[in-house]
Amino acid sequence: MPHVRIAVVQYDIAWEDPEANFAAVEPWITSAAAAGARVVVLPEMFSTGFSMRTDVTAELADGPSSVFLRDAAARHGVWVAGSVPQLAPEGGRPYNTLVLADPAGALHRYRKIHPSGFGEEQAHFAAGEDFMTVEVEGVRLTFFVCYDLRFADEFWATAAQTDCYVVVANWPVARRAHWLTLLTARAVENQAYVIGCNRVGEGGGLSYGGDSQVIDPWGQVLAAASGSESLLIAEVDAATVMSTRRQFPVLADRRTARVELQP
């Protein structure tokens, strides 16, 4: 059965400084590729930090951050993913866009469906509408960004076509318990791998503790790191997903209840 080795890069993002972040990330990608990783995952807004100053940070679709991801993927022969504040061709607010670059130079894009109201992200970023599932060496990867993790229905909607969810984030340490709980819940309830890639350090007045994890379909943590810059590498095996769903067929039992208000 298909399987793929995935690397998670947990690092301290330089605030609103793409060039510094490109320089910082390059050695991590090099190390991941040398370790045999086929997919390298970077955090949310990997080149700027979680800045709401979109007049400063937002880029065109072929802007520096997307070019860096594309060139790094081609240079190392791997897939590379990270989210970018990206201008919309139709105008208006930009999108928090996860960009996945493949080794052949193609770019796949997912626009964050749930900008956070609590963090004022909704005031600065538009909401996406479409899911993104990409098959990498036979393993089906579905991508989400940070706050999306709180909305179980989005994960349920894509479960049947997914072996592994990839969630990139800038998730503050103040809500650490939520991050850890929800990552595990999404793995268990959908019987899929979940990869959570979070940043460490300080940015925009918030503290980030990392807690990046790779969790298998039974909810077991395969790899984890907290507190410092780290590189996690784990195998994602489509056969494990298939056997888990066969042994304990939760997805087959899922029903959508109809809610009616009583007079």
# chains A, B, ... in the order shown; residues from 1 in each chain; ligands from 1

$ residues_around --residues "Thr142 (chain A)" --least-positions-apart "6" --cutoff "10 Å" --atoms "only C-alpha atoms" --output "short mmCIF file (atom, residue, chain, number, x, y, z; two decimals) with C-alpha atoms, in the first residue's frame"
data_model
loop_
_atom_site.label_atom_id
_atom_site.label_comp_id
_atom_site.auth_asym_id
_atom_site.auth_seq_id
_atom_site.Cartn_x
_atom_site.Cartn_y
_atom_site.Cartn_z
CA TYR A 110 -6.12 26.20 -0.35
CA PHE A 131 -11.36 22.06 0.19
CA MET A 132 -8.04 20.83 -1.15
CA THR A 133 -7.04 17.17 -1.23
CA VAL A 134 -3.88 16.24 -3.11
CA GLU A 135 -2.55 12.73 -3.69
CA PHE A 155 -13.00 17.35 8.46
CA THR A 158 -13.54 15.22 3.52
CA ALA A 159 -12.86 12.08 5.59
CA GLN A 161 -11.33 10.90 0.51
CA THR A 162 -8.54 11.50 3.06
CA ASP A 163 -5.73 9.44 4.55
CA CYS A 164 -4.03 12.33 6.32
CA TYR A 165 -5.02 15.83 7.40
CA VAL A 166 -2.30 18.49 7.43
CA VAL A 167 -2.98 21.49 9.67
CA VAL A 194 -3.37 14.23 11.52
#

$ select_by_dssp --residues "region 31-103 of chain A" --states "strand (DSSP E or B)" --output "list of chain:residue names"
A:Val39, A:Val40, A:Val41, A:Glu59, A:Trp79, A:Val80, A:Ala81, A:Gly82, A:Ser83, A:Val84, A:Pro85, A:Gln86, A:Tyr95, A:Asn96, A:Thr97, A:Leu98, A:Val99, A:Leu100, A:Ala101

$ closest_residue --among "A:Gly227, A:Val78, A:Ser83, A:Ala58" --to "Ala35 (chain A)" --atoms "only C-alpha atoms"
A:Val78

$ closest_residue --among "A:Ala72, A:Leu149, A:Ala234, A:Ala224" --to "Pro103 (chain A)" --atoms "only C-alpha atoms"
A:Ala72

$ closest_residue --among "A:Glu59, A:Val173, A:Thr97, A:Ala106" --to "Glu129 (chain A)" --atoms "only C-alpha atoms"
A:Thr97

$ closest_residue --among "A:Met242, A:Leu60, A:Val200, A:Val40" --to "Asp102 (chain A)" --atoms "only C-alpha atoms"
A:Val40

$ select_by_dssp --residues "region 43-262 of chain A" --states "helix (DSSP H, G or I)" --output "MDAnalysis selection string"
chainID A and resid 54:57 64:76 121:123 146:150 152:161 173:190 238:247 250:253
